Structures are given as structure tokens and as C-alpha cells.
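Engineer: Contents of query_37.tsv (TSV, C-alpha atoms) are given next:
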```tsv
chain	number	residue	atom	x	y	z
A	667	MET	CA	12.42	-10.80	2.86
A	668	THR	CA	13.64	-14.19	1.69
A	669	GLU	CA	11.69	-14.57	-1.55
A	670	ARG	CA	12.74	-12.36	-4.43
A	671	LYS	CA	10.19	-9.67	-5.10
A	672	VAL	CA	9.95	-6.63	-7.31
A	673	VAL	CA	10.08	-3.33	-5.46
A	674	VAL	CA	7.63	-0.84	-6.95
A	675	LEU	CA	8.66	2.71	-6.10
A	676	PRO	CA	6.57	5.71	-7.15
A	677	CYS	CA	7.88	9.26	-6.98
A	678	SER	CA	4.66	10.38	-5.21
A	679	GLY	CA	5.45	13.91	-6.40
A	680	ILE	CA	3.49	16.34	-4.25
A	681	GLY	CA	3.39	19.17	-6.75
A	682	LYS	CA	1.58	17.59	-9.68
A	683	PRO	CA	-1.41	15.28	-10.24
A	684	LEU	CA	0.82	12.80	-12.10
A	685	GLY	CA	2.72	12.32	-8.83
A	686	THR	CA	-0.52	11.14	-7.23
A	687	VAL	CA	-1.18	8.92	-10.24
A	688	SER	CA	2.24	7.27	-9.80
A	689	ARG	CA	1.52	6.66	-6.11
A	690	LEU	CA	-1.94	5.16	-6.66
A	691	ALA	CA	-0.73	2.99	-9.54
A	692	ALA	CA	2.00	1.58	-7.28
A	693	TYR	CA	-0.56	0.72	-4.59
A	694	ARG	CA	-2.83	-0.88	-7.18
A	695	VAL	CA	-0.01	-3.22	-8.22
A	696	VAL	CA	1.30	-3.98	-4.74
A	697	GLU	CA	-2.09	-4.42	-3.05
A	698	GLU	CA	-4.32	-5.76	-5.82
A	699	LEU	CA	-2.61	-6.94	-9.02
A	700	ARG	CA	0.62	-8.60	-7.82
A	701	PRO	CA	0.53	-8.62	-4.00
A	702	GLU	CA	2.58	-11.80	-3.67
A	703	LYS	CA	5.27	-10.72	-6.08
A	704	THR	CA	5.87	-7.10	-5.11
A	705	ALA	CA	6.91	-4.86	-2.24
A	706	ILE	CA	6.84	-1.14	-1.64
A	707	THR	CA	8.90	1.12	0.57
A	708	CYS	CA	9.02	4.85	1.18
A	709	LEU	CA	11.14	6.79	-1.28
A	710	ALA	CA	11.80	9.14	1.62
A	711	GLN	CA	13.52	6.28	3.45
A	712	LEU	CA	16.07	6.13	0.65
A	713	VAL	CA	16.66	9.86	1.04
A	714	ALA	CA	17.15	9.35	4.79
A	715	GLU	CA	19.37	6.29	4.14
A	716	GLU	CA	17.29	3.93	6.26
A	717	ALA	CA	19.12	0.59	6.31
A	718	GLU	CA	16.12	-1.66	5.72
A	719	ALA	CA	14.94	0.31	2.71
A	720	LEU	CA	18.44	0.43	1.26
A	721	SER	CA	18.76	-3.37	1.55
A	722	LEU	CA	15.36	-3.87	-0.07
A	723	VAL	CA	16.26	-1.92	-3.21
A	724	ARG	CA	19.78	-3.34	-3.37
A	725	GLU	CA	18.67	-6.96	-3.12
A	726	ASN	CA	15.62	-6.88	-5.40
A	727	PRO	CA	14.80	-5.63	-8.87
A	728	CYS	CA	13.02	-2.28	-8.80
A	729	ILE	CA	10.45	-0.54	-10.96
A	730	ALA	CA	10.55	3.25	-10.80
A	731	LEU	CA	7.30	5.13	-11.45
A	732	ASP	CA	8.05	8.74	-12.18
A	733	GLY	CA	5.56	11.55	-12.55
A	734	CYS	CA	7.80	14.23	-14.03
A	735	PRO	CA	11.06	14.61	-15.97
A	736	LYS	CA	13.07	15.00	-12.76
A	737	GLU	CA	12.77	11.21	-12.37
A	738	CYS	CA	13.17	11.26	-8.61
A	739	ALA	CA	12.22	7.61	-8.16
A	740	ARG	CA	14.75	6.30	-10.68
A	741	ARG	CA	17.51	8.57	-9.49
A	742	ASN	CA	17.00	7.87	-5.81
A	743	ILE	CA	17.02	4.11	-6.41
A	744	GLU	CA	20.26	4.44	-8.34
A	745	ILE	CA	21.86	6.70	-5.74
A	746	ALA	CA	20.87	4.14	-3.08
A	747	GLY	CA	22.78	1.47	-5.01
A	748	GLY	CA	19.68	-0.31	-6.29
A	749	LYS	CA	19.08	-1.64	-9.77
A	750	VAL	CA	16.25	-0.11	-11.79
A	751	GLY	CA	14.97	-3.10	-13.73
A	752	SER	CA	12.33	-1.00	-15.40
A	753	GLU	CA	11.20	2.59	-15.36
A	754	LEU	CA	7.77	3.78	-16.29
A	755	ARG	CA	7.37	7.49	-16.87
A	756	VAL	CA	3.79	8.38	-16.07
A	757	MET	CA	3.87	11.40	-18.37
A	758	ASP	CA	4.83	9.15	-21.30
A	759	VAL	CA	1.84	6.91	-20.67
A	760	TYR	CA	-0.38	9.97	-20.34
A	761	LYS	CA	0.83	11.15	-23.76
A	762	ARG	CA	-0.55	7.90	-25.18
A	763	TYR	CA	-3.87	8.37	-23.36
A	764	LYS	CA	-4.49	12.10	-23.64
A	765	ASP	CA	-8.20	11.63	-22.90
A	766	LEU	CA	-7.35	10.36	-19.41
A	767	LYS	CA	-6.54	13.76	-17.93
A	768	PRO	CA	-6.05	13.66	-14.17
A	769	GLY	CA	-7.70	16.34	-12.00
A	770	THR	CA	-5.78	17.71	-9.04
A	771	VAL	CA	-3.10	16.37	-6.70
A	772	LEU	CA	-5.73	15.64	-4.04
A	773	ASP	CA	-8.43	14.41	-6.38
A	774	ILE	CA	-7.25	12.93	-9.66
A	775	GLY	CA	-10.85	12.40	-10.83
A	776	PRO	CA	-12.26	9.75	-13.18
A	777	GLY	CA	-9.67	10.38	-15.92
A	778	GLY	CA	-6.86	10.03	-13.39
A	779	ASP	CA	-8.43	6.84	-11.99
A	780	LYS	CA	-8.49	5.28	-15.45
A	781	LEU	CA	-4.89	6.37	-16.03
A	782	VAL	CA	-3.95	4.65	-12.76
A	783	SER	CA	-5.53	1.43	-14.03
A	784	VAL	CA	-3.70	1.58	-17.36
A	785	ILE	CA	-0.37	2.25	-15.69
A	786	ALA	CA	-0.89	-0.40	-13.03
A	787	GLU	CA	-1.59	-3.02	-15.71
A	788	GLU	CA	1.61	-2.08	-17.53
A	789	VAL	CA	3.62	-2.22	-14.31
A	790	ALA	CA	2.15	-5.62	-13.44
A	791	LEU	CA	3.39	-6.97	-16.78
A	792	GLU	CA	6.83	-5.52	-16.06
A	793	VAL	CA	6.80	-7.28	-12.68
A	794	ASP	CA	6.14	-10.60	-14.41
A	795	LYS	CA	8.93	-9.96	-16.91
A	796	LEU	CA	11.46	-9.05	-14.23
A	797	LEU	CA	10.67	-12.12	-12.18
A	798	SER	CA	10.92	-14.43	-15.16
A	799	CYS	CA	14.48	-13.30	-15.93
B	383	MET	CA	2.42	41.15	7.14
B	384	ASN	CA	5.37	40.86	4.83
B	385	GLU	CA	4.04	39.21	1.67
B	386	GLU	CA	7.47	38.02	0.70
B	387	VAL	CA	7.93	35.66	3.65
B	388	LYS	CA	6.55	32.22	2.87
B	389	VAL	CA	6.81	29.02	4.85
B	390	GLY	CA	8.21	25.90	3.21
B	391	LEU	CA	6.37	22.64	3.93
B	392	ILE	CA	8.04	19.30	3.28
B	393	SER	CA	6.06	16.09	3.60
B	394	CYS	CA	7.65	12.66	3.80
B	395	SER	CA	4.80	11.29	1.63
B	396	GLY	CA	5.84	7.86	2.91
B	397	GLU	CA	4.34	5.14	0.74
B	398	GLU	CA	4.71	2.32	3.26
B	399	PHE	CA	2.33	3.58	5.92
B	400	PRO	CA	-1.08	5.34	6.05
B	401	GLU	CA	0.57	8.12	8.06
B	402	GLY	CA	2.63	8.97	4.96
B	403	THR	CA	-0.60	9.45	3.03
B	404	LEU	CA	-1.93	11.60	5.89
B	405	SER	CA	1.21	13.77	5.89
B	406	ARG	CA	0.97	14.30	2.16
B	407	THR	CA	-2.77	15.03	2.15
B	408	ALA	CA	-2.54	17.41	5.11
B	409	VAL	CA	0.31	19.38	3.51
B	410	ARG	CA	-1.65	19.73	0.26
B	411	LEU	CA	-4.70	20.94	2.20
B	412	VAL	CA	-2.59	23.66	3.83
B	413	LEU	CA	-1.09	24.68	0.48
B	414	GLU	CA	-4.39	24.73	-1.38
B	415	LYS	CA	-7.01	25.64	1.18
B	416	LEU	CA	-5.77	26.81	4.57
B	417	ARG	CA	-2.72	28.96	3.77
B	418	PRO	CA	-2.50	29.41	-0.01
B	419	GLY	CA	-0.02	32.12	-0.94
B	420	LYS	CA	1.75	31.79	2.39
B	421	THR	CA	3.20	28.33	1.89
B	422	VAL	CA	5.29	26.53	-0.69
B	423	THR	CA	6.46	22.95	-1.01
B	424	ILE	CA	8.99	20.73	-2.74
B	425	CYS	CA	9.25	16.98	-3.29
B	426	LEU	CA	11.65	15.58	-0.68
B	427	PRO	CA	13.37	13.16	-3.14
B	428	LEU	CA	14.38	16.19	-5.24
B	429	PHE	CA	17.05	17.00	-2.67
B	430	LEU	CA	18.95	14.00	-4.08
B	431	ALA	CA	17.63	13.90	-7.63
B	432	GLY	CA	17.55	17.64	-8.23
B	433	ASP	CA	20.09	20.41	-8.45
B	434	ALA	CA	21.66	22.99	-6.14
B	435	GLY	CA	18.71	25.35	-6.63
B	436	GLU	CA	16.35	22.73	-5.23
B	437	ARG	CA	18.68	21.96	-2.34
B	438	ASP	CA	18.52	25.68	-1.41
B	439	PHE	CA	14.89	25.23	-0.36
B	440	ALA	CA	15.28	25.16	3.45
B	441	ARG	CA	17.83	27.97	3.30
B	442	SER	CA	15.39	30.06	1.27
B	443	PHE	CA	12.21	29.44	3.28
B	444	PRO	CA	11.58	28.96	6.99
B	445	THR	CA	10.67	25.29	6.85
B	446	ILE	CA	8.29	22.89	8.60
B	447	VAL	CA	8.71	19.17	7.95
B	448	VAL	CA	5.77	16.78	8.26
B	449	ASP	CA	6.81	13.19	8.90
B	450	GLY	CA	4.51	10.21	9.00
B	451	CYS	CA	6.46	8.12	11.47
B	452	GLU	CA	9.31	8.02	13.94
B	453	LYS	CA	11.88	7.43	11.20
B	454	LEU	CA	11.62	11.19	10.53
B	455	CYS	CA	12.82	10.83	6.93
B	456	ALA	CA	11.67	14.31	5.87
B	457	GLN	CA	13.49	15.91	8.77
B	458	LYS	CA	16.67	13.89	8.29
B	459	GLY	CA	16.71	14.37	4.51
B	460	THR	CA	16.03	18.10	4.74
B	461	GLU	CA	18.69	18.72	7.36
B	462	LYS	CA	21.25	16.63	5.52
B	463	TYR	CA	20.78	18.01	2.04
B	464	SER	CA	19.05	21.37	2.30
B	465	GLY	CA	19.19	23.26	5.59
B	466	LYS	CA	17.89	23.90	9.06
B	467	VAL	CA	14.36	22.85	9.91
B	468	ASP	CA	12.34	25.42	11.90
B	469	ASP	CA	9.56	23.13	13.10
B	470	SER	CA	8.54	19.51	12.72
B	471	ILE	CA	5.45	17.36	13.04
B	472	ASN	CA	5.39	13.60	13.49
B	473	VAL	CA	1.92	12.49	12.38
B	474	ARG	CA	2.05	9.15	14.21
B	475	GLU	CA	2.97	10.88	17.43
B	476	LEU	CA	0.27	13.49	16.89
B	477	LEU	CA	-2.38	10.76	16.45
B	478	LYS	CA	-1.15	9.06	19.60
B	479	ASN	CA	-1.46	12.32	21.55
B	480	TRP	CA	-4.97	12.81	20.21
B	481	GLY	CA	-5.86	9.22	21.07
B	482	VAL	CA	-6.98	8.35	17.52
B	483	LYS	CA	-6.11	5.42	15.29
B	484	SER	CA	-4.40	5.64	11.91
B	485	PRO	CA	-6.56	5.06	8.83
B	486	ALA	CA	-6.74	1.47	7.65
B	487	SER	CA	-5.85	2.18	4.03
B	488	ARG	CA	-2.65	3.79	2.90
B	489	ALA	CA	-3.85	4.17	-0.70
B	490	VAL	CA	-7.07	6.15	-0.34
B	491	LEU	CA	-8.33	7.96	2.74
B	492	ASP	CA	-11.95	7.29	3.64
B	493	ALA	CA	-14.20	9.97	5.17
B	494	ASP	CA	-12.68	9.47	8.65
B	495	GLY	CA	-9.18	9.56	7.18
B	496	LEU	CA	-9.95	12.79	5.35
B	497	ARG	CA	-11.26	14.38	8.54
B	498	LEU	CA	-8.04	13.34	10.25
B	499	ALA	CA	-5.99	14.87	7.44
B	500	GLU	CA	-7.99	18.10	7.87
B	501	ARG	CA	-7.25	18.12	11.59
B	502	ILE	CA	-3.55	17.61	10.94
B	503	ALA	CA	-3.70	20.37	8.32
B	504	GLU	CA	-5.18	22.72	10.96
B	505	GLU	CA	-2.24	21.92	13.22
B	506	ILE	CA	0.24	22.60	10.40
B	507	ALA	CA	-1.53	25.89	9.61
B	508	LEU	CA	-1.18	27.01	13.23
B	509	ARG	CA	2.54	26.25	13.10
B	510	VAL	CA	2.77	28.17	9.80
B	511	ASP	CA	1.19	31.24	11.41
B	512	ARG	CA	3.50	31.01	14.42
B	513	LEU	CA	6.57	30.70	12.22
B	514	LEU	CA	5.48	33.52	9.93
B	515	GLU	CA	4.93	35.80	12.90
B	516	LYS	CA	8.39	34.97	14.24
B	517	LYS	CA	10.08	35.49	10.88
B	518	VAL	CA	8.28	38.75	10.13
B	519	LYS	CA	9.41	40.05	13.53
B	520	GLU	CA	12.97	39.01	12.72
B	521	VAL	CA	12.87	40.71	9.33
B	522	SER	CA	11.44	43.88	10.89
B	523	SER	CA	14.14	44.02	13.54
B	524	PRO	CA	16.79	46.71	12.99
B	525	LEU	CA	19.38	44.04	13.84
B	526	PHE	CA	18.21	41.65	11.12
B	527	LYS	CA	20.50	40.86	8.23
B	528	PRO	CA	19.45	38.37	5.56
B	529	SER	CA	21.72	35.38	5.18
B	530	CYS	CA	22.92	34.27	1.79
B	531	THR	CA	22.16	30.94	0.14
B	532	CYS	CA	25.86	30.51	-0.65
B	533	GLY	CA	26.38	30.11	3.10
B	534	SER	CA	28.39	33.29	3.62
B	535	LEU	CA	27.51	35.35	6.66
B	536	PRO	CA	26.33	38.93	6.28
B	537	ALA	CA	29.29	41.26	6.11
B	538	ALA	CA	30.17	42.81	9.47
B	539	GLU	CA	31.09	46.07	7.83
B	540	GLU	CA	29.47	47.77	4.91
B	541	LYS	CA	31.44	48.17	1.76
B	542	GLU	CA	32.40	51.69	0.93
B	543	GLU	CA	31.25	51.40	-2.65
B	544	PRO	CA	27.96	53.05	-3.55
B	545	SER	CA	25.01	50.82	-2.88
B	546	LEU	CA	23.28	51.29	-6.20
B	547	GLN	CA	25.48	50.52	-9.13
B	548	PRO	CA	23.75	51.24	-12.41
B	549	ALA	CA	25.95	48.77	-14.19
B	550	PHE	CA	24.13	47.88	-17.30
B	551	SER	CA	21.31	48.99	-19.50
B	552	SER	CA	20.40	47.97	-23.02
B	553	GLY	CA	18.93	51.38	-23.83
B	554	PRO	CA	16.21	53.69	-22.52
B	555	ALA	CA	14.74	51.60	-19.74
B	556	ALA	CA	11.06	50.67	-19.57
B	557	LEU	CA	11.75	48.46	-16.58
B	558	SER	CA	14.23	48.41	-13.72
B	559	VAL	CA	15.83	45.21	-12.46
B	560	LYS	CA	17.81	45.09	-9.23
B	561	VAL	CA	19.92	42.33	-7.77
B	562	LEU	CA	20.10	42.43	-3.98
B	563	GLY	CA	23.20	40.99	-2.38
B	564	PRO	CA	26.24	41.99	-0.38
B	565	GLY	CA	28.63	40.67	-3.02
B	566	CYS	CA	28.99	36.97	-2.22
B	567	PRO	CA	29.34	34.32	-4.99
B	568	ASN	CA	25.62	33.57	-5.44
B	569	CYS	CA	24.73	37.25	-5.59
B	570	GLU	CA	27.39	37.82	-8.24
B	571	LYS	CA	26.16	34.79	-10.16
B	572	LEU	CA	22.60	36.14	-10.20
B	573	TYR	CA	23.78	39.58	-11.27
B	574	ASN	CA	25.79	38.08	-14.14
B	575	MET	CA	22.88	35.92	-15.28
B	576	ALA	CA	20.50	38.89	-15.26
B	577	ARG	CA	23.04	40.92	-17.20
B	578	GLU	CA	23.38	38.16	-19.81
B	579	VAL	CA	19.61	37.82	-20.19
B	580	ILE	CA	19.20	41.54	-20.75
B	581	ALA	CA	22.13	41.69	-23.16
B	582	GLU	CA	20.95	38.66	-25.16
B	583	SER	CA	17.37	39.84	-25.45
B	584	GLY	CA	18.01	43.53	-26.07
B	585	LEU	CA	15.07	44.33	-23.80
B	586	PRO	CA	14.63	47.93	-22.66
B	587	VAL	CA	15.69	47.15	-19.12
B	588	SER	CA	18.12	48.71	-16.65
B	589	LEU	CA	20.08	46.56	-14.21
B	590	GLU	CA	21.39	47.65	-10.84
B	591	LYS	CA	23.26	45.94	-8.08
B	592	VAL	CA	22.12	46.78	-4.54
B	593	SER	CA	24.87	45.80	-2.13
B	594	LYS	CA	24.47	48.00	0.93
B	595	MET	CA	22.66	46.14	3.70
B	596	GLN	CA	20.50	49.13	4.66
B	597	ASP	CA	19.22	49.30	1.07
B	598	ILE	CA	18.73	45.53	0.83
B	599	LEU	CA	16.70	45.61	4.04
B	600	LYS	CA	14.16	47.96	2.49
B	601	TYR	CA	12.97	45.00	0.44
B	602	ARG	CA	12.45	42.87	3.58
B	603	ILE	CA	13.83	39.61	2.26
B	604	LEU	CA	14.94	36.75	4.50
B	605	ALA	CA	17.84	35.60	2.36
B	606	THR	CA	19.93	36.87	-0.51
B	607	PRO	CA	20.39	36.91	-3.42
B	608	GLY	CA	17.22	38.83	-4.17
B	609	LEU	CA	15.81	39.80	-7.52
B	610	VAL	CA	13.61	42.88	-7.82
B	611	ILE	CA	11.79	43.56	-11.07
B	612	GLY	CA	9.81	46.77	-11.37
B	613	GLU	CA	10.24	47.31	-7.61
B	614	GLU	CA	8.60	43.96	-6.85
B	615	VAL	CA	10.61	41.21	-5.16
B	616	VAL	CA	10.19	38.25	-7.48
B	617	SER	CA	12.76	35.92	-5.95
B	618	SER	CA	14.84	35.72	-2.80
B	619	GLY	CA	17.18	33.23	-1.24
B	620	ARG	CA	17.57	31.21	-4.41
B	621	LEU	CA	19.22	31.31	-7.78
B	622	PRO	CA	16.63	31.35	-10.54
B	623	ASP	CA	18.03	30.18	-13.86
B	624	LYS	CA	18.28	32.36	-16.95
B	625	ASP	CA	15.01	31.07	-18.39
B	626	ASP	CA	13.20	32.01	-15.18
B	627	ILE	CA	14.75	35.47	-15.18
B	628	ARG	CA	13.80	35.98	-18.82
B	629	LYS	CA	10.21	34.92	-18.15
B	630	MET	CA	9.92	37.19	-15.10
B	631	ILE	CA	11.25	40.19	-17.03
B	632	ASN	CA	8.98	39.52	-20.00
B	633	SER	CA	6.02	39.13	-17.70
B	634	ALA	CA	6.77	42.47	-15.98
B	635	LEU	CA	7.22	44.18	-19.35
B	636	ALA	CA	3.91	42.73	-20.55
B	637	LYS	CA	2.27	44.30	-17.49
B	638	GLY	CA	3.66	47.67	-18.49
B	639	GLY	CA	7.00	47.69	-16.62
B	640	LYS	CA	8.16	50.42	-14.25
```
Any chance you could give the structure as C-alpha cells?

Structural biologist:
Amino acid sequence: MTERKVVVLPCSGIGKPLGTVSRLAAYRVVEELRPEKTAITCLAQLVAEEAEALSLVRENPCIALDGCPKECARRNIEIAGGKVGSELRVMDVYKRYKDLKPGTVLDIGPGGDKLVSVIAEEVALEVDKLLSC
Amino acid sequence: MNEEVKVGLISCSGEEFPEGTLSRTAVRLVLEKLRPGKTVTICLPLFLAGDAGERDFARSFPTIVVDGCEKLCAQKGTEKYSGKVDDSINVRELLKNWGVKSPASRAVLDADGLRLAERIAEEIALRVDRLLEKKVKEVSSPLFKPSCTCGSLPAAEEKEEPSLQPAFSSGPAALSVKVLGPGCPNCEKLYNMAREVIAESGLPVSLEKVSKMQDILKYRILATPGLVIGEEVVSSGRLPDKDDIRKMINSALAKGGK
């Protein structure tokens, strides 16, 4: 990748609906809201120390999207030697939008879908900020 | 069937490819619909972001990893940070063998994608059954000795000390708590934590240490340390923290204790 992009990395937590919300919000940004300005890689590739994924997070600003207080996305980026330009904790956003309650891990439902939209919009603004620095 | 033996499932959940979404969806289907109660899971990135208790996962449960592609990140990560993998599935390879294409979208699976995830889930469930059968046979074998999460091997010779050591009780006991372990560091740690919880809370609970292998085996656990509350195995092959222990004791007391 020659052009500087923002790497959006969700935790994709498999145990809680907010993990799914983080994953879908990341896709919304990368595929719909800021496709030219962002990239995504597998968090699992950082765990497995895949060279290409490590380079991506080391050479570009990253946004971590975390679904729970364990903050796996942020911590794995940092352990990989990447710089977390911004972190968005999904549960913090949810606290601001309590009416947008997600359903289950496999089906986050209409509330979860709306929460994905809210989070994706916030992440898109963070992308713009990071690239303007 | 031994209710205590559960299979651990670890999905790569890869975000880059649709096969990562398939691996994640299929694992959830097994957990929720096909083999609930027989399977457990953990987020792969927790092996790096979490603590020692989380890294004990593959040493505590016979484990199947489900990878989306040939990079095998779940397998590599699990083996590096947690423990041995008992079985593995590579979704991309599976689809190739079945002669079917990957879904077009990695974000949301359409009806065809969901059917594919269900088919993969069926394959995982079959592997779960096979692994459970193998592990239950192992546990039932007279030669079986549970391994310990601290990595120490089962003692070749039994200690001469009595197996049941009624070491601590805060008063007339309404509930019995036992720590199963041959005396290695993790077993001692669990015993000490349980002792502290009981002492701090003043609960009417007795605490015993079960260290003789023949007595530990009666509880049919795969790995030590084990925690038995009211004669029910509530944890094995991992170190619950003090809060967990307190909650488990309170819950057993609320049910009437034994």
C-alpha cells in the first residue's frame, strides 16, 4: 500500500453482541463510508504475527473498535508495534444510546443495526481527522 | 457421557475475507444451536490481550480451531499462546473440497452464505462429538491422570499424606468445598484463594484439599486444579479468580448448599 490509509480494526468479539457491532461498523466504514481512505485486516493475523498485517498496522494510523473492556483490538495493535491513533469503545457509545440495544451475536437486530450506523459515522469522522494530521 | 468434558472452539473471525465471517458464524451456530452445553469459546485476540487464565483455555478444554484461510491464524495463535490443538478446520479448504464458492460479502451472509455456515457448523459438530467421545474414553480409562494447567506432569507416585485434608472451616458447614489437585503450584494457588474467600466472608463453608489421584479421578476432570462445590464440579483446568469463587459459593448456598 503506497498511499497512507487508516486501518480500522474491530475486536470482532465472538462472545458478545457488541463484538458483532464492532465488526459490522468497521465494514460499514471500510466498504461504504470511507472506502478510499481506509483498510482492514484480520486481528487474528496480528496474533499469528503475519508479516503483511504487521507492516500495515506499523506503517499506518489505526483505529481500534473494541466491544468490551478487555480492549483486544487496541492491545493487539500496540503489541504488534502499531500506533492507535484513535480508539472507540463500542460499549461507551452504547451507553450514550441506550435505546439502541443490540440483539444477539448472530443477529444484532434493528437496535444493533442503528448502533452500527452511529458508530460507523463516528469512526468515519475519526478517519478524516487522522488523515488531516 | 461425562457432563464436565466440554470442547473448546476457537474461530479466527478473520475480518479480511468472507471465510472469516463463515468461521465465526459457524462456530456460533455450534455453540448456540447444535451443541449448546457441550462447547465453549474464547476470543482469539484475548490470548495476547488477556491474562494467564485466558491463555489456559486450550490446556483446560480439548480444542478445535476453525480457520478461514490457509494462514491458519487461529491454529498458530492458539498453539503459540495457549496449548495443543486437538483438531482443526480450514474453511477455505473445506469449501474447495465441497466444490462451492465463498460468499461474495464478508460483512453480511446472504441466504446461501447462511446455508454454507450451517453446513460448516454441522462439520464442526461432528468433530466435537468425535473429540468428546475420545476424551470421555480417556477420562474413563484406569490409566488416565488429569494434567495440570501449571504444566506439571501428574505425580508418578502418590503422596503418603491423607487425600482429604479438612484444612479450614469457618464454622458449622452448610456447604462443602473441595480443591482437587496433586499439590502443584496452581492447585495450591486455588486452595489458598478459596481459603481466603471463605475466611473473608465468614460463610458457613468447609474447605478440603483432595490430593490423591484416585480420589481426584472420581470427579472425572480432564485437568487440575478442580473446584468442587457441594459435590458438583464447578471448574477444572483453570484458575478462577476470587470473585468467581465467591459467586460460585454464594450461588450454591442460595440453592441450599450440601

Engineer: Could you list, as a PyMOL selection string, every residue of chain A that has an atom within 9 Å of an atom of chain B, counting all atoms listed in the file?

Structural biologist: chain A and resi 675-681+689-690+693-694+706-716+736-742+745+771-772

Engineer: Find the distance between CA of Val750 in chain A and CA of Pro683 in chain A and write it in Å to one decimal.

Structural biologist: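 Distance reported for this atom pair: 23.5 Å.
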
Engineer: Taking 4 positions as the minimum chain separation for residues in the same chain, which residues sit within 7 Å of Leu754 in chain A when counting only C-alpha atoms? Answer as an MDAnalysis selection string.

Structural biologist: chainID A and resid 730:732

Engineer: Please report the interatomic distance between CA of Lys600 in chain B and CA of Val615 in chain B in Å with one decimal.

Structural biologist: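 Taking CA of Lys600 in chain B and CA of Val615 in chain B, their separation equals 10.8 Å.
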
Engineer: Would you please work out which residue, of B:Ala493, B:Glu401, B:Arg437, B:Ser617, is nearest to Glu475 in chain B when using all atoms listed in the file?

Structural biologist: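 Residue with the minimum atom-to-atom distance to Glu475 in chain B: B:Glu401.
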
Engineer: Using only C-alpha atoms, which residues sit within 12 Å of Val759 in chain A once same-chain residues fewer than 2 positions away are excluded, as a count of residues only?

Structural biologist: 30

Engineer: Just give me the gap between CA of Leu416 in chain B and CA of Leu391 in chain B in Å, one decimal is fine.

Structural biologist: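 Distance between the two atoms: 12.9 Å.
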
Engineer: I'd like the neighbourhood of range 577-582 of chain B as a PDB file with C-alpha atoms, keeping the file's coordinate frame, where a residue qualifies if any of its atoms comes within 7 Å (using only C-alpha atoms), though same-chain residues fewer than 2 positions away should be ignored.

Structural biologist:
```
ATOM      1  CA  SER B 552      20.400  47.970 -23.020  1.00  0.00           C
ATOM      2  CA  TYR B 573      23.780  39.580 -11.270  1.00  0.00           C
ATOM      3  CA  ASN B 574      25.790  38.080 -14.140  1.00  0.00           C
ATOM      4  CA  MET B 575      22.880  35.920 -15.280  1.00  0.00           C
ATOM      5  CA  GLY B 584      18.010  43.530 -26.070  1.00  0.00           C
ATOM      6  CA  LEU B 585      15.070  44.330 -23.800  1.00  0.00           C
ATOM      7  CA  VAL B 587      15.690  47.150 -19.120  1.00  0.00           C
ATOM      8  CA  LYS B 624      18.280  32.360 -16.950  1.00  0.00           C
ATOM      9  CA  ARG B 628      13.800  35.980 -18.820  1.00  0.00           C
TER      10      ARG B 628
END
```

Engineer: Using all atoms listed in the file, which of B:Glu590, B:Glu570, B:Asp511, B:Asp623 sits nearest Lys388 in chain B?

Structural biologist: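 The answer is B:Asp511, which sits nearest to Lys388 in chain B.
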
Engineer: Could you give me, as a list in words, the residues within 10 Å of Gly390 in chain B, counting all atoms listed in the file and dropping anything in the same chain fewer than 2 positions from it?

Structural biologist: Val387, Lys388, Ile392, Leu413, Lys420, Thr421, Val422, Thr423, Ile424, Phe439, Ala440, Arg441, Ser442, Phe443, Pro444, Thr445, Ile446, Val447, Val467, Asp468 and Val510 of chain B

Engineer: Using all atoms listed in the file and a cutoff of 12 Å, can you tell me which residues are near (2.0, -6.0, -2.4) in the file's coordinates, and write them out as a list in words?

Structural biologist: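 The requested residues, written out, are Lys671, Val672, Val673, Val674, Leu675, Ala691, Ala692, Tyr693, Arg694, Val695, Val696, Glu697, Glu698, Leu699, Arg700, Pro701, Glu702, Lys703, Thr704, Ala705, Ile706, Thr707, Ala790 and Val793 of chain A; Glu397, Glu398 and Ala489 of chain B.
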
Engineer: Would you list the contacts of Ile631 in chain B as a ChimeraX atom specification, taking every protein, DNA or RNA residue within 12 Å and counting all atoms listed in the file, but skipping same-chain residues closer than 5 positions in sequence?

Structural biologist: /B:556-560,576-577,579-580,583-589,609-617,624-626,636-640

Engineer: Which of these residues is nearest to Trp480 in chain B, using all atoms listed in the file: B:Met595, B:Ile502, B:Leu635, B:Asp492?

Structural biologist: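 Going through B:Met595, B:Ile502, B:Leu635, B:Asp492 one by one, the smallest distance to Trp480 in chain B is for B:Ile502.
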
Engineer: Would you mind writing range 402-414 of chain B with N, CA and C atoms, as a short mmCIF file (atom, residue, chain, number, x, y, z; two decimals), in the frame of the given file?

Structural biologist:
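Output file out31.cif follows:
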```
data_model
loop_
_atom_site.label_atom_id
_atom_site.label_comp_id
_atom_site.auth_asym_id
_atom_site.auth_seq_id
_atom_site.Cartn_x
_atom_site.Cartn_y
_atom_site.Cartn_z
N GLY B 402 1.96 8.26 6.07
CA GLY B 402 2.63 8.97 4.96
C GLY B 402 1.59 9.63 4.06
N THR B 403 0.50 8.91 3.84
CA THR B 403 -0.60 9.45 3.03
C THR B 403 -1.25 10.63 3.78
N LEU B 404 -1.38 10.48 5.09
CA LEU B 404 -1.93 11.60 5.89
C LEU B 404 -1.03 12.82 5.80
N SER B 405 0.28 12.62 5.91
CA SER B 405 1.21 13.77 5.89
C SER B 405 1.11 14.50 4.56
N ARG B 406 1.05 13.73 3.51
CA ARG B 406 0.97 14.30 2.16
C ARG B 406 -0.36 15.05 1.95
N THR B 407 -1.45 14.42 2.33
CA THR B 407 -2.77 15.03 2.15
C THR B 407 -2.89 16.31 2.98
N ALA B 408 -2.43 16.24 4.22
CA ALA B 408 -2.54 17.41 5.11
C ALA B 408 -1.73 18.58 4.55
N VAL B 409 -0.53 18.30 4.07
CA VAL B 409 0.31 19.38 3.51
C VAL B 409 -0.37 20.00 2.29
N ARG B 410 -0.96 19.17 1.43
CA ARG B 410 -1.65 19.73 0.26
C ARG B 410 -2.85 20.58 0.69
N LEU B 411 -3.54 20.16 1.73
CA LEU B 411 -4.70 20.94 2.20
C LEU B 411 -4.25 22.32 2.69
N VAL B 412 -3.10 22.36 3.35
CA VAL B 412 -2.59 23.66 3.83
C VAL B 412 -2.22 24.53 2.62
N LEU B 413 -1.53 23.93 1.67
CA LEU B 413 -1.09 24.68 0.48
C LEU B 413 -2.27 25.21 -0.33
N GLU B 414 -3.29 24.38 -0.48
CA GLU B 414 -4.39 24.73 -1.38
C GLU B 414 -5.52 25.48 -0.69
#
```
